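Worksheet: the structure to be examined is printed underneath.
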Amino acid sequence: MNRRGFFRRVSLSSLLPLPWGGGVAAASGEGPPGGSFHSQAFAALPVEESYAFHKALSEGEWQTRRDPAAKPLSTEMAITDGGWTLLLKSGAGEPLRMAAADLRAYLELAMNTRVSVQTTVDLTGWAGRENVIVAAARQDLPGYGTDLSASKDYQIRVNSGQVVICGYDELGAMYGLYNLEERLDLRQGPFLPRDLNTTRRSLYKARMTMSGLGWMEWPDKYLAWLPRYGFDSIFTSMCSNPNGAVTPSYLDRVPWGCSFRFHTQDPAQLRDTIRRAGRYGISIYCPIMFRYTGEPDNEKELRKLVVDIVTQFPEIRGYVLLTEGFFYRTWFGAGGHGDSDLREWIRHWARGVGIVAEECHKLNPAIEILPWDYNIDFRPNQVELKKYVIDQLPKGTIPLVTFENGKAIAFDGESGYVHDYSISVVGPSEVAAAQITQAHKRGMGTVYTNADTWSCQQFGTLPHLPFPYQWYERYRALEESGVDGTLESWTPGFKPNFVAELRAWYSWTEAPPLDHILRQIAHRDFGAGSEDLVLDAWKRFSSAVRMNPNTGPSACGYNAVANPLFFKQPAEHIHTMGHSFCDQQKWMEATNTNPYWPYVVRSFLFYPDFTNRTNKAEEYARPFSLKVFKKYLLAAADEMERGLESYRRAALNAPPSKRANAFREVLLAEQIERTMRSSEAILEFEDLRFRLENTRDKAVCLDLLQRMTEIVESEVARTEASLETARRDSRVGYEWENDYIYWPQVLEKKLNLLRLALNEQLPAYRRQYS
């Protein structure tokens, strides 16, 4: 058993019932006749406008989950329509009252079951009532909650005609109500086990996330989703000081990223967000942006900034001091310091952190200060340097450790490391594990981590990643590492999805076994009879991502399905500086664009070296050889395809009420496979193009041209499918830090360029050898 009991045995009464008897035979048919999966899926799903998902998350309600055919089992009791009361104590705080109103609305809209909400000055007589759900803190429910130990803990106990939600505090009762919704949602009916008695302890002091909509976009309906998924806080106002103060930024080092391009915070807007989030029990973390130099006047300026922010916003729970915005003198990218010793930089940076902590704690000792050393080299050989960071931090601060970045990986004897946020590995990285251990040795008490838990920048243009078995291993590793809080899925942000739902279960103790929950989700989302098919797909997807060597946000990952195969340099699409007194390369860096393909920022564009001095494909694959890198990209894609065979069958077998959602899930998984195959195609095509330009052997050239033609033909088919998927799911291609990385119009432009290469450029080149 580990530190907090993640793996302890749970009582059968805490499990969700399996209404189909606990075992399912895999569907054997290929689905209904009528053509290919795509012809059915694309016909069934309407075309969406860009940003349609914004509106859905800002204005929408629950999906109807009630299965009209579902009946309570002999071991279950039912919350019947119109006969039940939800009882609260008068004077309950707004978050608990909002959760009660949420449950009432959920039951009516999603379960077609109406309950009334009542309040009473004294809960003493509740035990004599029938058909009642009572929710309160433990001091108001004698005999309940005796094993609860901290905020957010709760007990759910079901007796005949009674449901008791007892929290350690009102936040615990609030999360108990939301968990009750989740249990009914998975059961697809207002049914609970008659003997349910579960005590669930929160594994984290804080679980924060970012908006999946955009900068400072926190509409009420969206905020309401967060506690349902177990979050207690948000990180907002990214890259700007809460009070609107403008200070030098790391992006001042490059003209295209100057801080003047960032939003300046409107304090009134942030104050309104704090107020509205508080109604749902959500607290706020914000950044502090400052360039610390250690000089007396600069230190005085920093102290003034901190006092002003804390005075204006006493409700802010904590401040994240990320090295990208809070740094000493000069900023550098992760590992961008070369061979220089960073210890002096670290000491001064930690001194700046100490000043922030000192000024905050003068005003409120409870404020959390989270220094986050992301940019300080996280490669596996930098363990001692990263431990040194922990040693320099003031004890009154909470280290925010980056969980998986830098983790060592190896393929066929070739070694590398995870370049950025990735689910190819579970984590923690070597440096993260060392930092967590060092913080505990120092007696720092509390350690938080930034960790992806449902999506990541590796596939950052998708709202979630259907790798539940791999994500589960991440959840286990997070708890075993002993971290006390999390910032989750930077920066794709949160959008409701089944993986985030899974994550909510495993953020408390006494969660049902993994396969039990996944079968419930598969049954709910794909329909009865397809559970084994869906679980088989999820297992294969989880296996596939472990083979993917392409880690972090990059041109051949993030944007692969929208990145063209460039056979020749295309025509200019925006202004160029080819013959100006301006340097073209510097101009491209200054604008962060490529005039030959200006539809994505340069860091997400794989573009050839048309001088043919450098094989960009080999350069991209390093430290792996191109052969090994491509081999494992294709191995991952092949395993994805094996899973997709099951996934498509499950979707085609889904009942009409579930089919649209099932189709969308399959198309999303297909987009991941296409990303892998397009990544490999980009690299192979460029390698062949480079070799073609550096050989004069006619037979070799004709062979290279034939293979390049085959690659383009395959890429056309993939891009057409990617286009139709993006047209039907406005979430695809979007990642708010950069807005849409690609949208359908860009895929159309890519298709035009591919067809130009296929129909004109490649044949013209081949005619040279005829």
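Letters for chains follow the order of the structure tokens (A, B, ...), residue numbers begin at 1 for each chain, and ligand numbers begin at 1 in the order shown.
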### Message
Residues of segment 224-342 of chain A classed as helix (DSSP H, G or I) by DSSP on the backbone are to be reported as an NGL selection string.
### Response
:A and (224-228 or 250-253 or 255-257 or 259-261 or 267-278 or 296-312)
Using only C-alpha atoms, determine which residues lie at most 9 Å from Tyr734 of chain A, disregarding the query and same-chain residues fewer than 6 positions distant; provide the list as a ChimeraX atom specification.
/A:51,460-463,492,740-743
In segment 305-543 of chain A, what's strand (DSSP E or B) per DSSP? Answer as a ChimeraX atom specification?
/A:318-322,326-328,368-372,400-402,408-411,414-417,448-451,485-488,494,508
What are the nearest atom pairs, with distances in Å to one decimal, for all residues of segment 558-624 of chain A that come at most 12 Å from segment 702-717 of chain A, using only C-alpha atoms, set out by chain and rising residue number as a Markdown table?
| residue | atom | partner | partner_atom | distance |
| --- | --- | --- | --- | --- |
| A:Ala560 | CA | A:Glu715 | CA | 10.6 |
| A:Val561 | CA | A:Glu715 | CA | 8.7 |
| A:Ala562 | CA | A:Glu715 | CA | 10.3 |
| A:Asn563 | CA | A:Glu715 | CA | 10.2 |
| A:Pro564 | CA | A:Glu715 | CA | 8.9 |
| A:Leu565 | CA | A:Val712 | CA | 7.4 |
| A:Phe566 | CA | A:Val712 | CA | 10.0 |
| A:Phe567 | CA | A:Met708 | CA | 9.1 |
Counting only C-alpha atoms, what is within 12 Å of Val499 of chain A, bar same-chain residues fewer than 5 positions away, as a PyMOL selection string?
-> chain A and resi 229+452-455+463-472+474-475+489+494+504-506+514+517-518+521-522+538+665
Filtering to N, CA and C atoms, could you give me those residues as an mmCIF file, in the first residue's frame?
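This went into part-v1.cif:
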data_model
loop_
_atom_site.group_PDB
_atom_site.id
_atom_site.type_symbol
_atom_site.label_atom_id
_atom_site.label_comp_id
_atom_site.auth_asym_id
_atom_site.auth_seq_id
_atom_site.Cartn_x
_atom_site.Cartn_y
_atom_site.Cartn_z
ATOM 1 N N TYR A 229 -15.916 17.831 -12.259
ATOM 2 C CA TYR A 229 -14.755 17.016 -12.608
ATOM 3 C C TYR A 229 -13.668 17.072 -11.530
ATOM 4 N N ASP A 452 0.188 16.596 -17.144
ATOM 5 C CA ASP A 452 -0.943 16.354 -18.045
ATOM 6 C C ASP A 452 -1.728 15.156 -17.528
ATOM 7 N N THR A 453 -3.049 15.242 -17.594
ATOM 8 C CA THR A 453 -3.876 14.138 -17.080
ATOM 9 C C THR A 453 -5.025 13.740 -18.000
ATOM 10 N N TRP A 454 -5.251 14.445 -19.098
ATOM 11 C CA TRP A 454 -6.254 14.001 -20.096
ATOM 12 C C TRP A 454 -5.867 14.428 -21.508
ATOM 13 N N SER A 455 -5.049 15.457 -21.635
ATOM 14 C CA SER A 455 -4.563 15.909 -22.931
ATOM 15 C C SER A 455 -3.183 16.490 -22.712
ATOM 16 N N PRO A 463 -8.923 17.787 -28.066
ATOM 17 C CA PRO A 463 -9.403 18.143 -26.728
ATOM 18 C C PRO A 463 -9.086 17.118 -25.651
ATOM 19 N N HIS A 464 -8.954 15.869 -26.017
ATOM 20 C CA HIS A 464 -8.550 14.839 -25.069
ATOM 21 C C HIS A 464 -7.950 13.686 -25.852
ATOM 22 N N LEU A 465 -7.250 12.821 -25.147
ATOM 23 C CA LEU A 465 -6.522 11.732 -25.790
ATOM 24 C C LEU A 465 -7.008 10.413 -25.196
ATOM 25 N N PRO A 466 -7.564 9.516 -26.014
ATOM 26 C CA PRO A 466 -8.206 8.299 -25.503
ATOM 27 C C PRO A 466 -7.209 7.188 -25.176
ATOM 28 N N PHE A 467 -6.325 7.483 -24.224
ATOM 29 C CA PHE A 467 -5.334 6.506 -23.768
ATOM 30 C C PHE A 467 -5.584 6.191 -22.292
ATOM 31 N N PRO A 468 -6.769 5.708 -21.895
ATOM 32 C CA PRO A 468 -7.100 5.657 -20.467
ATOM 33 C C PRO A 468 -6.192 4.764 -19.639
ATOM 34 N N TYR A 469 -5.676 3.692 -20.225
ATOM 35 C CA TYR A 469 -4.794 2.830 -19.442
ATOM 36 C C TYR A 469 -3.454 3.511 -19.181
ATOM 37 N N GLN A 470 -2.962 4.264 -20.138
ATOM 38 C CA GLN A 470 -1.725 5.003 -19.929
ATOM 39 C C GLN A 470 -1.953 6.172 -18.961
ATOM 40 N N TRP A 471 -3.087 6.856 -19.117
ATOM 41 C CA TRP A 471 -3.395 7.937 -18.171
ATOM 42 C C TRP A 471 -3.511 7.398 -16.746
ATOM 43 N N TYR A 472 -4.130 6.240 -16.597
ATOM 44 C CA TYR A 472 -4.268 5.649 -15.264
ATOM 45 C C TYR A 472 -2.905 5.406 -14.632
ATOM 46 N N ARG A 474 -0.312 7.165 -15.199
ATOM 47 C CA ARG A 474 0.118 8.503 -14.791
ATOM 48 C C ARG A 474 -0.512 8.875 -13.434
ATOM 49 N N TYR A 475 -1.795 8.572 -13.260
ATOM 50 C CA TYR A 475 -2.451 8.900 -11.992
ATOM 51 C C TYR A 475 -1.812 8.140 -10.835
ATOM 52 N N SER A 489 -2.790 19.516 -17.294
ATOM 53 C CA SER A 489 -2.915 19.650 -18.749
ATOM 54 C C SER A 489 -2.701 21.082 -19.234
ATOM 55 N N PHE A 494 -9.126 22.720 -20.074
ATOM 56 C CA PHE A 494 -10.156 21.720 -19.799
ATOM 57 C C PHE A 494 -11.322 21.819 -20.767
ATOM 58 N N ALA A 504 -11.107 12.421 -12.390
ATOM 59 C CA ALA A 504 -11.837 12.858 -11.198
ATOM 60 C C ALA A 504 -12.028 11.699 -10.225
ATOM 61 N N TRP A 505 -12.344 10.518 -10.734
ATOM 62 C CA TRP A 505 -12.503 9.360 -9.853
ATOM 63 C C TRP A 505 -11.216 9.089 -9.081
ATOM 64 N N TYR A 506 -10.081 9.158 -9.763
ATOM 65 C CA TYR A 506 -8.820 8.767 -9.129
ATOM 66 C C TYR A 506 -8.101 9.934 -8.459
ATOM 67 N N LEU A 514 -10.230 0.071 -12.281
ATOM 68 C CA LEU A 514 -10.187 0.758 -13.568
ATOM 69 C C LEU A 514 -11.124 0.126 -14.592
ATOM 70 N N ILE A 517 -14.857 0.940 -14.084
ATOM 71 C CA ILE A 517 -15.299 2.265 -14.531
ATOM 72 C C ILE A 517 -15.302 2.345 -16.050
ATOM 73 N N LEU A 518 -14.249 1.817 -16.687
ATOM 74 C CA LEU A 518 -14.173 1.909 -18.138
ATOM 75 C C LEU A 518 -15.307 1.137 -18.807
ATOM 76 N N ILE A 521 -18.275 3.411 -18.667
ATOM 77 C CA ILE A 521 -18.177 4.497 -19.652
ATOM 78 C C ILE A 521 -18.447 3.959 -21.060
ATOM 79 N N ALA A 522 -17.860 2.796 -21.379
ATOM 80 C CA ALA A 522 -18.075 2.203 -22.702
ATOM 81 C C ALA A 522 -19.546 1.872 -22.915
ATOM 82 N N TRP A 538 -9.149 0.941 -26.368
ATOM 83 C CA TRP A 538 -8.445 1.810 -25.427
ATOM 84 C C TRP A 538 -7.109 1.201 -24.987
ATOM 85 N N GLU A 665 -15.937 10.243 -31.188
ATOM 86 C CA GLU A 665 -14.815 9.649 -30.459
ATOM 87 C C GLU A 665 -13.896 8.882 -31.409
#
**Report entry** One-decimal distance in Å that lies between atom CA of Arg228 of chain A and atom CA of Arg200 of chain A
**Finding:**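 Separation between atom CA of Arg200 of chain A and atom CA of Arg228 of chain A: 15.3 Å.
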I'd like the contact shell of Ala439 of chain A - 10 Å cut-off, only C-alpha atoms, skipping same-chain residues fewer than 5 positions apart - returned as a PyMOL selection string. chain A and resi 387+389-391+393+395+398-399+434+444-447
Between A:Glu501, A:Glu589, A:Asp122, A:Glu641, smallest distance to Ser603 of chain A by only C-alpha atoms belongs to A:Glu589
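Minimum distance to Tyr178 of chain A across A:Ala69, A:Met98, A:Met676, A:Leu87 (counting only C-alpha atoms) occurs at A:Met98.
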Quiz prompt | Residues near Phe231 of chain A, cut-off 8 Å, only C-alpha atoms, skip fewer than 4 positions along chain, as a PyMOL selection string | solution = chain A and resi 206-209+226-227+282
Tell me which protein, DNA and RNA residues are within 9 Å of segment 150-159 of chain A, counting only C-alpha atoms, leaving out same-chain ones fewer than 3 positions away, and put them as a count of residues only. 37
The residue from A:Asn179, A:Gly230, A:Tyr607, A:Asp220 with the smallest atom-to-atom distance to Ser507 of chain A, counting only C-alpha atoms, is A:Gly230
Pull the closest atom pair for each residue of segment 338-359 of chain A that gets at most 9 Å from segment 298-312 of chain A, along with the distance in Å to one decimal, counting only C-alpha atoms, ordering rows by chain and then ascending residue number, as a Markdown table.
| residue | atom | partner | partner_atom | distance |
| --- | --- | --- | --- | --- |
| A:Gly352 | CA | A:Glu299 | CA | 8.0 |
| A:Ile355 | CA | A:Arg303 | CA | 6.9 |
| A:Val356 | CA | A:Val306 | CA | 6.4 |
| A:Glu358 | CA | A:Arg303 | CA | 8.9 |
| A:Glu359 | CA | A:Val307 | CA | 6.4 |
Please produce an output containing C-alpha atoms for each residue in the selection, written as a JSON list (two decimals), in the first residue's frame.
[["chain", "number", "residue", "atom", "x", "y", "z"],
["A", 352, "GLY", "CA", 13.42, 36.96, -6.00],
["A", 355, "ILE", "CA", 10.95, 38.48, -1.78],
["A", 356, "VAL", "CA", 7.54, 37.61, -3.24],
["A", 358, "GLU", "CA", 8.00, 37.54, 2.22],
["A", 359, "GLU", "CA", 5.70, 40.33, 1.06]]
